[in-house]
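Beneath this line is the structure, given in structure tokens, with notes to follow.
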Amino acid sequence: MTEAYIYDAVRTPRGRGRKDGSLHEITPIQLASQMLGAIRDRNDLDTSHVEDVVLGCVAPVGEQGADIARVAAINAGFAETTAGVQVNRFCASGLEATNMAAAQVMSGQSDLSIGGGVESMSRVPMGSDGGAWPVDPDVAWNSYFVPQGISADLIATKYGHSRDDVDAYAVESQRRAKAAYDDNRFKSSIIPVKDIIGMTALDHDEYMRPETTMQSLGALKPSFVEQGAFGFDSVAIQRYPEIEKINHVHHAGNSSGIVDGSAAILVGNKEIGERLGLKPRARIRSFASVGSEPTIMLTGPSFAAEKALKRAGMSKADIDVWELNEAFASVVLRFMEALDIDHSDINVNGGAIAMGHPLGATGAMILGTVLDELERSGKSTALATLCIGAGMGTATIIERV
Amino acid sequence: MTTSIRYEVDADGIALLTIDLPNANMNVFNAQLIDDLETCVDRILADDAVKGAVITSGKPAFLAGADLSMLGSMSASDAPASLEDQFEAAFRLNKILRKIESGGIPAKTLMKSGTKPFAAAVNGLALGGGFELVLACHHRILSDAKGVILGFPEVQVGLLPGAGGTQRLPRLIGIQAAAQPLMTGQNFQPQMALGLGIVQEIAPADEVIAKAKAWVASIPSALAPWDKKGFKYPGGAGAMDPRSVQTFIGGNAMAQKQTWHNYPAVQAILSAVYEGSIVPFDTALKIETKYFMKLLSGPVAGNMIRTLFINKQAVEKGSLRPKGIERKKVKKLGMLGAGLMGAGIAYVSAKVGMDVVLLDRDIDAAEKGKDYSRNLVKKGVSRGKVSAEKGDALLERITATADYADLAECDLIIEAVFEDQALKADVTAKTEAVIGENVVFGSNTSTLPISGLAKASKRPHQYIGIHFFSPVDKMPLVEIIMGAETDDATLALALDYVSQIKKTPIVVNDSRGFFTSRTFGTYVQEGYAMVQEGINPALIENAGRMVGMPVGPLAVGDEVAIDLSYKVGMATQKALGDAYIKSPADDFVTKMVMELERFGRKNGKGAYDYPEGGKKRLWPGLGDHFPLAENQPDVEEVKTRMIVRQAVEAARCFEEKVLIDASSGDVGAIFGIGFPPYTGGPFSYIDTMGVAEFVALADRLAQDYGARFTPPQMLRDMAASGETFYEAGHPQGRKAA
């Protein structure tokens with residue numbers, strides 16, 4: 001099997017995913033095109049060598065519809081021979097896209113591909129693409145569908161995470177993100193987003209609230225009480241009848257932020273790197289996706305991580321740095337418990353609770369972030385993973401070269 | 001000629017179809033009416049001299065829905081027709097109603113041509129298929145007569161409106177407004193129907209036909225809104241419109257919360273509405289019929305129709321009443337004991353016009369019992385449900401007293417004094433001293449055998465159990481208990497009284513706990529046994545509701561009171577001696593009562609805690625005193641234990657002839673103790689599983705958990721000979737030999 005290497009990874013800063021967010025005026029095509037352009041420019045790349053662009057996007061409708069990957073490649077001025085495909089694995093789409101790009105390389109069917117993702121949540125809101133799962137009674141009933149917030153609260157209830165536990169995790173995420181910024185740790189990978197006259201629209205993650213404290217979070221009301229009372233608590237309990245009552249602990253302050261953003265990762269085999277004078281930064285050791293119980297929904301990462309470790313012939317102890325998307329605080333708390341991982345080894349530079357989660361792009365963003373961390377700290381291996389809607393997990397293991 | 005519809009064409013060329021089933025007091029859709037309707041519709045469409053038509057009824061009600069016994073025979077048809085043939089048969093009424101609406105003209109032509117106008121002159125209530133016929137007409141005029149309602153009760157017997165109801169109603173008023181009535185069977189009052197646009201007009205009863213005719217005369221052709229070009233589904237539809245998306249997401253959650261996945265009709269209704277809302281109308285009707293067929297082929301609809309409809313009506317109409325005894329009316333009830341039960345019985349009796357003497361040991365206690373009625377009347381008046389005059393009259397009929405002499409004129413006595421044999425004997429003697437010689441004496445005891453209580457009576461043949469359920473004004477069942485010497489005339493009068501107060505009777509023979517309390521007790525006891533075994537109490541409570549009981553066993557046990565369980569248990573052990581089958585529940589109850597002083601809600605401490613002003617929650621201390629087992633069972637096992645335990649007890653009641661027949665056992669279990677309605681009752685449940693399968697399961701449970709699960713010999717015999725409690729096509733269940 002051919003080895004796949006990461007040659008570069010870039011991302012946009014994350015803009016607040018609202019009408020007053022700094023990236024709201026930027027089209028999702030622009031977000032993606034500027035990242036593709038950055039990959040090209042930073043590596044002085046003749047894009048005719050790029051065989052495919054795989055981009056994750058979770059609401060692929062409207063201006064994110066109709067194969068945004070191909071359209072972004074054209075718009076970025078890539079060679080017309082560069083194909084594009086949009087993929088959707090919900091919240092892990094960006095990582096899945098990178099894995100698929102790597103798979104093309106590993107299987108010998110592509111020498112150089114780009115993986116990544118894009119989501120302008122301020123312009124194409126979550127849920128814009130509809131879907132049968134929550135709506136069609138046949139599916140909703142048979143799968144015991146509940147919204148993700150209920151799932152997150154179900155995890156907290158089932159595994160005994162108190163409101164203090166999840167809030168404390170959120171405060172620490174903010175602290176770590178602030179510390180990482182103070183130490184300029186994201187600088188080499190963040191590409192400022194430009195507007196149509198070339199002015200910088202945003203050059204930093206603007207969602208962060210470093211002033212967050214236990215007290216400030218304590219003032220927030222739990223977000224999913226009404227949804228639960230309406231019926232979803234009962235649906236969750238019918239699937240998890242050992243639970244008397246759902247303890248609603250999640251709110252905007254300990255859940256991932258709604259933001260706009262895009263990311264891209266250049267993946268290729270060894271020969272093309274040598275031929276084009278590119279320096280490999282890491283080798284992709286393995287990746288895996290897995291389905292898990294859909295009502296609790298967000299416990300997939302530990303299973304995906306175990307699967308990827310097994311495929312790589314590695315054990316937990318072989319991973320130096322862990323990165324798990326902070327969709328909700330309880331997701332990370334559960335992951336740490338399931339795999340017995342010390343908090344100091346995971347999400348060391350904060351995560352989506354502090355900086356936001358642009359659905360289709362996040363997977364590629366956190367893979368880039370953890371690669372930067374390996375280089376900064378001189379460590380060797382990392383595993384990046386995300387929890388996923390409808391009960392899935394995707395994980396990727398990389399090793400610095 | 002058509003025998004169930006009169007067909008008359010007037011001078012203006014307007015046909016009047018008067019539905020009037022021969023030898024029936026109510027119009028229902030049966031095979032005859034369906035044939036006749038098709039004949040009439042074809043005739044109208046074929047006859048150029050006929051301009052349009054008005055459909056009305058020759059009876060006080062318009063049309064009360066389908067003949068449910070016909071549906072029963074549809075599902076039990078012995079000739080295995082092909083799926084295609086079955087579909088055509090099930091689709092037939094849909095097709096005829098669509099012909100009324102479309103004239104049989106293909107959609108594209110229809111859009112331009114229109115069709116002959118049909119108007120419904122709805123002179124009385126229209127339910128189910130009747131309402132569907134109304135909706136298929138282009139114009140709908142409702143009579144202002146009393147009692148006129150529109151509605152779809154199908155879901156209450158496990159079905160969906162299968163003649164266009166799930167398609168026309170939401171297309172008229174929007175999915176959001178239509179969903180709840182379709183999923184719950186809730187009716188539309190005339191003003192509401194008018195406001196929503198379900199009907200175009202409300203008119204005096206004697207003008208509905210004329211107004212309908214005038215409308216038909218006023219237009220050359222008509223079209224349903226959904227047959228017009230550019231029809232927009234009101235309020236949005238399908239999976240793309242954010243409004244309907246929200247409706248379905250919410251509706252799915254709410255309906256699952258309400259049904260616990262036990263009522264396939266509710267899900268099928270939502271699916272028929274959802275899928276039907278995305279496709280053209282003619283396709284939507286086919287989808288509806290397919291969901292209807294799915295429901296009809298499953299066990300739930302048949303079981304619900306049989307017990308909740310056919311057999312409930314049968315006992316209400318007197319199937320249990322001995323023949324040849326003159327019907328009597330109770331004019332004055334003597335109610336002994338003005339506690340919660342006595343007060344409730346007084347209220348329901350006075351409510352139907354009976355005079356009630358409400359007696360307790362002193363006048364204050366009796367007046368306190370009357371307060372119960374005062375409060376209910378006050379509430380009813382403030383909510384506009386009863387007029388102040390009627391409320392006052394009701395209260396005037398109740399005489400609170402402490403004087404036995406006031407009972408002299410009563411023609412029925414019911415005692416609901418404290419469950420104490422000596423006390424009951426005392427009030428019986430005092431009462432019999434003043435009442436007439438032929439007056440029936442009823443006891444509302446829920447635990448003491450009637451034959452024993454009758455010993456205190458001078459006239460044991462006139463002594464009978466009349467067992468109510470709490471709260472009396474809400475619970476529909478009355479369990480009549482025959483003592484060893486109770487005679488038929490006494491039974492007949494007790495049944496006449498139950499009929500007067502509009503409740504549903506069952507008749508059982510004497511036994512400790514009779515049928516209902518005895519069977520219900522096993523549910524609570526099984527819950528306790530599981531706590532004692534170390535099963536997670538939350539799992540037990542949720543499993544109880546998941547299997548379809550109204551509340552978990554621990555919650556209901558707290559309501560009944562654990563110390564009462566203890567007392568009854570001790571009495572039962574004493575009475576049965578060596579025959580008593582011990583259960584782990586005994587240890588739980590003893591510990592809770594004797595050691596922990598947790599009696600239930602009444603002292604604010606039971607299996608639950610009852611924080612002041614807060615919601616009750618499972619007592620966290622349960623885990624300390626009944627430690628959780630390391631291996632917790634699957635929820636299906638917990639559910640199975642709770643329902644099978646009750647069914648085994650019901651079968652024992654049947655074997656011991658406590659029950660008279662399976663049908664009244666099924667009715668009694670559902671309406672008395674909340675046995676899951678979707679099962680059709682314990683005997684329907686056993687039949688549905690298969691008697692042999694049930695015996696094997698009960699034997700397995702007996703092996704794992706104790707002899708209380710051992711099935712009675714009668715069930716083994718039935719399994720061996722392949723017998724069932726019900727025969728196909730016969731709603732009347734097996735009689736206890």
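A note on labels: chains of the structure tokens are A, B, ... as shown, every chain counts residues from 1, and ligands are counted from 1 in their shown order.
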Within 10 Å of chain B, which residues of chain A come that close, and what is the closest atom pair and distance in Å for each? Count only C-alpha atoms and give it as JSON lines.
{"residue": "A:Gly127", "atom": "CA", "partner": "B:Pro242", "partner_atom": "CA", "distance": 9.4}
{"residue": "A:Ser128", "atom": "CA", "partner": "B:Pro242", "partner_atom": "CA", "distance": 8.6}
{"residue": "A:Asp129", "atom": "CA", "partner": "B:Met240", "partner_atom": "CA", "distance": 8.0}
{"residue": "A:Gly130", "atom": "CA", "partner": "B:Met240", "partner_atom": "CA", "distance": 6.1}
{"residue": "A:Gly131", "atom": "CA", "partner": "B:Ala239", "partner_atom": "CA", "distance": 6.7}
{"residue": "A:Ala132", "atom": "CA", "partner": "B:Ala239", "partner_atom": "CA", "distance": 6.9}
{"residue": "A:Trp133", "atom": "CA", "partner": "B:Ile249", "partner_atom": "CA", "distance": 9.3}
{"residue": "A:Pro134", "atom": "CA", "partner": "B:Ile249", "partner_atom": "CA", "distance": 5.6}
{"residue": "A:Val135", "atom": "CA", "partner": "B:Ile249", "partner_atom": "CA", "distance": 5.1}
{"residue": "A:Asp136", "atom": "CA", "partner": "B:Tyr274", "partner_atom": "CA", "distance": 6.9}
{"residue": "A:Pro137", "atom": "CA", "partner": "B:Ser271", "partner_atom": "CA", "distance": 5.4}
{"residue": "A:Asp138", "atom": "CA", "partner": "B:Ser271", "partner_atom": "CA", "distance": 6.4}
{"residue": "A:Val139", "atom": "CA", "partner": "B:Ser271", "partner_atom": "CA", "distance": 9.7}
{"residue": "A:Ala140", "atom": "CA", "partner": "B:Asn252", "partner_atom": "CA", "distance": 6.8}
{"residue": "A:Trp141", "atom": "CA", "partner": "B:Asn252", "partner_atom": "CA", "distance": 6.9}
{"residue": "A:Asn142", "atom": "CA", "partner": "B:His261", "partner_atom": "CA", "distance": 9.2}
{"residue": "A:Tyr144", "atom": "CA", "partner": "B:Gln256", "partner_atom": "CA", "distance": 8.7}
{"residue": "A:Phe145", "atom": "CA", "partner": "B:Ala253", "partner_atom": "CA", "distance": 8.2}
{"residue": "A:Val146", "atom": "CA", "partner": "B:Ala253", "partner_atom": "CA", "distance": 8.0}
{"residue": "A:Pro147", "atom": "CA", "partner": "B:Ile249", "partner_atom": "CA", "distance": 9.6}
{"residue": "A:Gln227", "atom": "CA", "partner": "B:Gly250", "partner_atom": "CA", "distance": 8.7}
{"residue": "A:Gly228", "atom": "CA", "partner": "B:Ala253", "partner_atom": "CA", "distance": 9.2}
{"residue": "A:Ala229", "atom": "CA", "partner": "B:Met254", "partner_atom": "CA", "distance": 9.1}
{"residue": "A:Phe230", "atom": "CA", "partner": "B:Met254", "partner_atom": "CA", "distance": 6.1}
{"residue": "A:Gly231", "atom": "CA", "partner": "B:Met254", "partner_atom": "CA", "distance": 4.7}
{"residue": "A:Phe232", "atom": "CA", "partner": "B:Ala253", "partner_atom": "CA", "distance": 5.6}
{"residue": "A:Asp233", "atom": "CA", "partner": "B:Lys257", "partner_atom": "CA", "distance": 8.3}
{"residue": "A:Ser234", "atom": "CA", "partner": "B:Lys257", "partner_atom": "CA", "distance": 5.3}
{"residue": "A:Val235", "atom": "CA", "partner": "B:Lys257", "partner_atom": "CA", "distance": 6.3}
{"residue": "A:Ala236", "atom": "CA", "partner": "B:Lys257", "partner_atom": "CA", "distance": 9.7}
{"residue": "A:Ile237", "atom": "CA", "partner": "B:Asn542", "partner_atom": "CA", "distance": 7.8}
{"residue": "A:Gln238", "atom": "CA", "partner": "B:Met546", "partner_atom": "CA", "distance": 7.1}
{"residue": "A:Arg239", "atom": "CA", "partner": "B:Val635", "partner_atom": "CA", "distance": 9.5}
{"residue": "A:Tyr240", "atom": "CA", "partner": "B:Leu539", "partner_atom": "CA", "distance": 8.6}
{"residue": "A:Pro241", "atom": "CA", "partner": "B:Leu539", "partner_atom": "CA", "distance": 5.2}
{"residue": "A:Glu242", "atom": "CA", "partner": "B:Leu539", "partner_atom": "CA", "distance": 4.3}
{"residue": "A:Ile243", "atom": "CA", "partner": "B:Ala538", "partner_atom": "CA", "distance": 5.9}
{"residue": "A:Glu244", "atom": "CA", "partner": "B:Ala538", "partner_atom": "CA", "distance": 4.9}
{"residue": "A:Lys245", "atom": "CA", "partner": "B:Ala538", "partner_atom": "CA", "distance": 8.7}
Selection file, N, CA and C atoms, as an mmCIF file, in the first residue's frame:
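This went into out38.cif:
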data_model
loop_
_atom_site.group_PDB
_atom_site.id
_atom_site.type_symbol
_atom_site.label_atom_id
_atom_site.label_comp_id
_atom_site.auth_asym_id
_atom_site.auth_seq_id
_atom_site.Cartn_x
_atom_site.Cartn_y
_atom_site.Cartn_z
ATOM 1 N N GLY A 127 -29.459 22.391 9.348
ATOM 2 C CA GLY A 127 -30.787 21.820 9.100
ATOM 3 C C GLY A 127 -31.412 22.278 7.800
ATOM 4 N N SER A 128 -30.697 23.173 7.067
ATOM 5 C CA SER A 128 -31.271 23.672 5.813
ATOM 6 C C SER A 128 -31.510 22.563 4.798
ATOM 7 N N ASP A 129 -30.780 21.464 4.952
ATOM 8 C CA ASP A 129 -30.905 20.384 3.965
ATOM 9 C C ASP A 129 -32.020 19.407 4.307
ATOM 10 N N GLY A 130 -32.757 19.665 5.401
ATOM 11 C CA GLY A 130 -33.876 18.775 5.718
ATOM 12 C C GLY A 130 -33.389 17.380 6.054
ATOM 13 N N GLY A 131 -34.060 16.398 5.520
ATOM 14 C CA GLY A 131 -33.662 15.019 5.786
ATOM 15 C C GLY A 131 -34.811 14.233 6.387
ATOM 16 N N ALA A 132 -34.818 12.941 6.096
ATOM 17 C CA ALA A 132 -35.912 12.085 6.562
ATOM 18 C C ALA A 132 -35.815 11.773 8.048
ATOM 19 N N TRP A 133 -34.593 11.725 8.558
ATOM 20 C CA TRP A 133 -34.351 11.156 9.887
ATOM 21 C C TRP A 133 -35.257 11.712 10.996
ATOM 22 N N PRO A 134 -35.293 13.018 11.221
ATOM 23 C CA PRO A 134 -36.175 13.474 12.297
ATOM 24 C C PRO A 134 -37.625 13.658 11.865
ATOM 25 N N VAL A 135 -37.852 13.725 10.556
ATOM 26 C CA VAL A 135 -39.149 14.178 10.044
ATOM 27 C C VAL A 135 -40.069 13.016 9.677
ATOM 28 N N ASP A 136 -39.571 12.117 8.860
ATOM 29 C CA ASP A 136 -40.376 10.993 8.391
ATOM 30 C C ASP A 136 -40.690 10.084 9.591
ATOM 31 N N PRO A 137 -41.973 9.950 9.922
ATOM 32 C CA PRO A 137 -42.318 9.160 11.121
ATOM 33 C C PRO A 137 -41.737 7.750 11.094
ATOM 34 N N ASP A 138 -41.698 7.165 9.917
ATOM 35 C CA ASP A 138 -41.185 5.814 9.788
ATOM 36 C C ASP A 138 -39.755 5.728 10.331
ATOM 37 N N VAL A 139 -38.945 6.730 10.050
ATOM 38 C CA VAL A 139 -37.545 6.729 10.473
ATOM 39 C C VAL A 139 -37.406 7.245 11.902
ATOM 40 N N ALA A 140 -38.079 8.354 12.179
ATOM 41 C CA ALA A 140 -37.928 8.989 13.493
ATOM 42 C C ALA A 140 -38.320 8.041 14.614
ATOM 43 N N TRP A 141 -39.427 7.328 14.408
ATOM 44 C CA TRP A 141 -39.889 6.400 15.457
ATOM 45 C C TRP A 141 -38.961 5.203 15.574
ATOM 46 N N ASN A 142 -38.628 4.630 14.420
ATOM 47 C CA ASN A 142 -37.850 3.391 14.470
ATOM 48 C C ASN A 142 -36.435 3.612 14.966
ATOM 49 N N TYR A 144 -35.684 6.090 17.178
ATOM 50 C CA TYR A 144 -35.751 6.855 18.429
ATOM 51 C C TYR A 144 -34.930 8.135 18.299
ATOM 52 N N PHE A 145 -35.242 8.904 17.243
ATOM 53 C CA PHE A 145 -34.502 10.148 17.009
ATOM 54 C C PHE A 145 -34.700 11.141 18.163
ATOM 55 N N VAL A 146 -33.589 11.696 18.626
ATOM 56 C CA VAL A 146 -33.644 12.889 19.482
ATOM 57 C C VAL A 146 -32.609 13.880 18.955
ATOM 58 N N PRO A 147 -32.821 15.186 19.186
ATOM 59 C CA PRO A 147 -31.816 16.163 18.758
ATOM 60 C C PRO A 147 -30.522 15.972 19.564
ATOM 61 N N GLN A 227 -37.246 21.246 24.731
ATOM 62 C CA GLN A 227 -37.264 20.137 23.759
ATOM 63 C C GLN A 227 -37.522 18.823 24.469
ATOM 64 N N GLY A 228 -36.869 18.671 25.612
ATOM 65 C CA GLY A 228 -37.008 17.429 26.370
ATOM 66 C C GLY A 228 -38.414 17.232 26.859
ATOM 67 N N ALA A 229 -38.970 18.293 27.436
ATOM 68 C CA ALA A 229 -40.314 18.186 28.005
ATOM 69 C C ALA A 229 -41.345 17.928 26.915
ATOM 70 N N PHE A 230 -41.069 18.417 25.746
ATOM 71 C CA PHE A 230 -42.000 18.265 24.636
ATOM 72 C C PHE A 230 -42.172 16.804 24.233
ATOM 73 N N GLY A 231 -41.174 16.007 24.545
ATOM 74 C CA GLY A 231 -41.297 14.590 24.180
ATOM 75 C C GLY A 231 -39.966 13.881 24.019
ATOM 76 N N PHE A 232 -38.915 14.657 23.740
ATOM 77 C CA PHE A 232 -37.646 13.990 23.438
ATOM 78 C C PHE A 232 -36.999 13.335 24.655
ATOM 79 N N ASP A 233 -37.232 13.861 25.859
ATOM 80 C CA ASP A 233 -36.723 13.160 27.048
ATOM 81 C C ASP A 233 -37.344 11.772 27.132
ATOM 82 N N SER A 234 -38.639 11.717 26.864
ATOM 83 C CA SER A 234 -39.338 10.427 26.928
ATOM 84 C C SER A 234 -38.792 9.472 25.867
ATOM 85 N N VAL A 235 -38.547 9.995 24.657
ATOM 86 C CA VAL A 235 -38.003 9.136 23.601
ATOM 87 C C VAL A 235 -36.647 8.586 24.036
ATOM 88 N N ALA A 236 -35.816 9.457 24.607
ATOM 89 C CA ALA A 236 -34.480 9.026 25.056
ATOM 90 C C ALA A 236 -34.601 7.968 26.152
ATOM 91 N N ILE A 237 -35.549 8.178 27.056
ATOM 92 C CA ILE A 237 -35.704 7.232 28.171
ATOM 93 C C ILE A 237 -36.264 5.895 27.676
ATOM 94 N N GLN A 238 -37.099 5.949 26.632
ATOM 95 C CA GLN A 238 -37.610 4.690 26.088
ATOM 96 C C GLN A 238 -36.475 3.857 25.499
ATOM 97 N N ARG A 239 -35.414 4.534 25.077
ATOM 98 C CA ARG A 239 -34.237 3.808 24.581
ATOM 99 C C ARG A 239 -33.280 3.467 25.724
ATOM 100 N N TYR A 240 -33.275 4.311 26.753
ATOM 101 C CA TYR A 240 -32.397 4.092 27.915
ATOM 102 C C TYR A 240 -33.237 4.048 29.185
ATOM 103 N N PRO A 241 -34.025 2.965 29.332
ATOM 104 C CA PRO A 241 -35.006 2.930 30.426
ATOM 105 C C PRO A 241 -34.384 2.817 31.817
ATOM 106 N N GLU A 242 -33.081 2.679 31.903
ATOM 107 C CA GLU A 242 -32.455 2.642 33.227
ATOM 108 C C GLU A 242 -32.359 4.050 33.811
ATOM 109 N N ILE A 243 -32.720 5.059 33.008
ATOM 110 C CA ILE A 243 -32.623 6.443 33.475
ATOM 111 C C ILE A 243 -33.988 6.965 33.919
ATOM 112 N N GLU A 244 -34.029 7.515 35.126
ATOM 113 C CA GLU A 244 -35.306 8.026 35.646
ATOM 114 C C GLU A 244 -35.677 9.337 34.975
ATOM 115 N N LYS A 245 -34.665 10.206 34.808
ATOM 116 C CA LYS A 245 -34.958 11.572 34.375
ATOM 117 C C LYS A 245 -33.691 12.127 33.727
#
Within 12 Å of Glu154 of chain B using only C-alpha atoms, minus same-chain residues under 4 positions, as number ranges by chain: B: 64-68, 71, 127-132, 158-163, 165-166, 181-187, 265-266, 268-269, 292, 295-296, 301, 304-305, 308-309
Near-Glu96 of chain A list (8 Å; only C-alpha atoms; drop same-chain fewer than 6 positions) as a VMD selection string: chain A and resid 56 87 89 363 394
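Residues in contact with Gln462 of chain B at 7 Å, where only C-alpha atoms are counted and same-chain residues fewer than 2 positions away are skipped, are listed as B:Val440, B:Phe441, B:Arg459, B:Pro460, B:Ile464, B:Thr486, B:Asp487, B:Thr490.
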Could you take the residues named above and write them with C-alpha atoms, as an mmCIF file, in the first residue's frame?
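Listed below is the output, result-v5.cif:
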data_model
loop_
_atom_site.group_PDB
_atom_site.id
_atom_site.type_symbol
_atom_site.label_atom_id
_atom_site.label_comp_id
_atom_site.auth_asym_id
_atom_site.auth_seq_id
_atom_site.Cartn_x
_atom_site.Cartn_y
_atom_site.Cartn_z
ATOM 1 C CA VAL B 440 -80.522 -4.925 47.726
ATOM 2 C CA PHE B 441 -77.439 -4.368 49.877
ATOM 3 C CA ARG B 459 -80.902 -11.678 53.592
ATOM 4 C CA PRO B 460 -77.619 -12.956 52.085
ATOM 5 C CA ILE B 464 -73.760 -8.300 46.497
ATOM 6 C CA THR B 486 -76.536 -13.859 45.849
ATOM 7 C CA ASP B 487 -79.577 -14.373 43.596
ATOM 8 C CA THR B 490 -80.083 -8.926 43.072
#
7 Å contact set for Gln174 of chain A, only C-alpha atoms, chain neighbours under 4 positions out, as an mmCIF file with N, CA and C atoms, in the first residue's frame:
data_model
loop_
_atom_site.group_PDB
_atom_site.id
_atom_site.type_symbol
_atom_site.label_atom_id
_atom_site.label_comp_id
_atom_site.auth_asym_id
_atom_site.auth_seq_id
_atom_site.Cartn_x
_atom_site.Cartn_y
_atom_site.Cartn_z
ATOM 1 N N ALA A 170 -15.644 23.389 30.157
ATOM 2 C CA ALA A 170 -15.770 24.526 29.232
ATOM 3 C C ALA A 170 -14.831 25.666 29.624
ATOM 4 N N LYS A 178 -7.112 30.491 24.910
ATOM 5 C CA LYS A 178 -6.495 31.799 25.148
ATOM 6 C C LYS A 178 -4.970 31.651 25.252
ATOM 7 N N MET A 208 -14.208 33.302 20.647
ATOM 8 C CA MET A 208 -13.674 32.998 21.987
ATOM 9 C C MET A 208 -14.159 33.959 23.070
ATOM 10 N N ARG A 209 -14.327 33.408 24.281
ATOM 11 C CA ARG A 209 -14.696 34.183 25.457
ATOM 12 C C ARG A 209 -13.737 33.818 26.593
ATOM 13 N N PRO A 210 -12.505 34.364 26.506
ATOM 14 C CA PRO A 210 -11.502 33.967 27.511
ATOM 15 C C PRO A 210 -11.867 34.406 28.931
ATOM 16 N N THR A 212 -14.484 33.703 30.395
ATOM 17 C CA THR A 212 -15.448 32.751 30.962
ATOM 18 C C THR A 212 -14.993 32.197 32.312
ATOM 19 N N GLY A 350 -7.386 23.879 23.541
ATOM 20 C CA GLY A 350 -8.806 24.248 23.511
ATOM 21 C C GLY A 350 -9.498 23.574 22.350
ATOM 22 N N ALA A 354 -14.585 26.771 22.797
ATOM 23 C CA ALA A 354 -14.008 28.110 22.799
ATOM 24 C C ALA A 354 -14.038 28.756 21.420
#
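Shortest atom-to-atom contact with Pro234 of chain B among B:Ala49, B:Leu169, B:Val472, B:Val279: B:Leu169, counting only C-alpha atoms.
As for atom CA of Ala102 of chain A and atom CA of Lys310 of chain A, they are spaced 18.2 Å apart.
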Interatomic distance (Å, one decimal) between atom CA of Ala382 of chain A and atom CA of Glu399 of chain A: 6.5 Å
Distance query Val50 of chain A at most 7 Å, only C-alpha atoms, self and fewer than 2 positions along chain excluded, as a count of residues only: 6
Per residue of segment 263-324 of chain A within 8 Å of segment 29-43 of chain A, record the nearest atom pair and its distance in Å to one decimal, counting only C-alpha atoms, with rows in chain order and ascending residue number, as a Markdown table.
| residue | atom | partner | partner_atom | distance |
| --- | --- | --- | --- | --- |
| A:Ala263 | CA | A:Met35 | CA | 6.1 |
| A:Ala264 | CA | A:Met35 | CA | 5.9 |
| A:Ile265 | CA | A:Ile39 | CA | 7.7 |
| A:Leu266 | CA | A:Ile39 | CA | 7.1 |
| A:Leu278 | CA | A:Asn43 | CA | 7.1 |
Grab the residues selected above and save them as a short mmCIF file (atom, residue, chain, number, x, y, z; two decimals), in the first residue's frame with C-alpha atoms.
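This went into again.cif:
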data_model
loop_
_atom_site.label_atom_id
_atom_site.label_comp_id
_atom_site.auth_asym_id
_atom_site.auth_seq_id
_atom_site.Cartn_x
_atom_site.Cartn_y
_atom_site.Cartn_z
CA ALA A 263 -10.04 24.25 5.94
CA ALA A 264 -7.91 22.37 3.44
CA ILE A 265 -5.22 19.69 3.73
CA LEU A 266 -2.82 18.67 0.98
CA LEU A 278 7.24 19.46 -1.01
#
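By chain and then residue number, the residues within 7 Å of Ile68 of chain A are Ile29, Gln64, Ala72 and Gln86 of chain A, counting only C-alpha atoms and disregarding those fewer than 4 positions away in sequence.
Here atom CA of Arg123 of chain A is placed at a distance of 16.4 Å from atom CA of Leu202 of chain A.
Residue nearest Pro627 of chain B within the list B:Val531, B:Leu285, B:Ala707, B:Val50: B:Val531 [criterion: smallest interatomic distance, only C-alpha atoms].
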Backbone-only DSSP, alpha helix (DSSP H) members of segment 226-344 of chain A, as a PyMOL selection string: chain A and resi 226-227+233-239+270-276+300-312+329-339
Filtered DSSP result for segment 284-471 of chain B, state strand (DSSP E), as JSON, numbers by chain: {"B": [332, 333, 334, 335, 336, 355, 356, 357, 358, 359, 398, 399, 400, 401, 412, 413, 414, 415, 440, 441, 442, 443, 463, 464, 465, 466, 467]}
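Considering only C-alpha atoms, the residue among B:Ala53, B:Ala561, B:Leu333, B:Ala647 positioned nearest to Gly680 of chain B is B:Ala647.
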Nearest residue to Lys735 of chain B from the set B:Asn444, B:Thr679, B:Ser664, B:Thr283 (distances using only C-alpha atoms): B:Ser664
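Residue nearest Glu226 of chain A within the list A:Ser289, A:Ala79, A:Ile150, A:Ser93: A:Ile150 [criterion: smallest interatomic distance, only C-alpha atoms].
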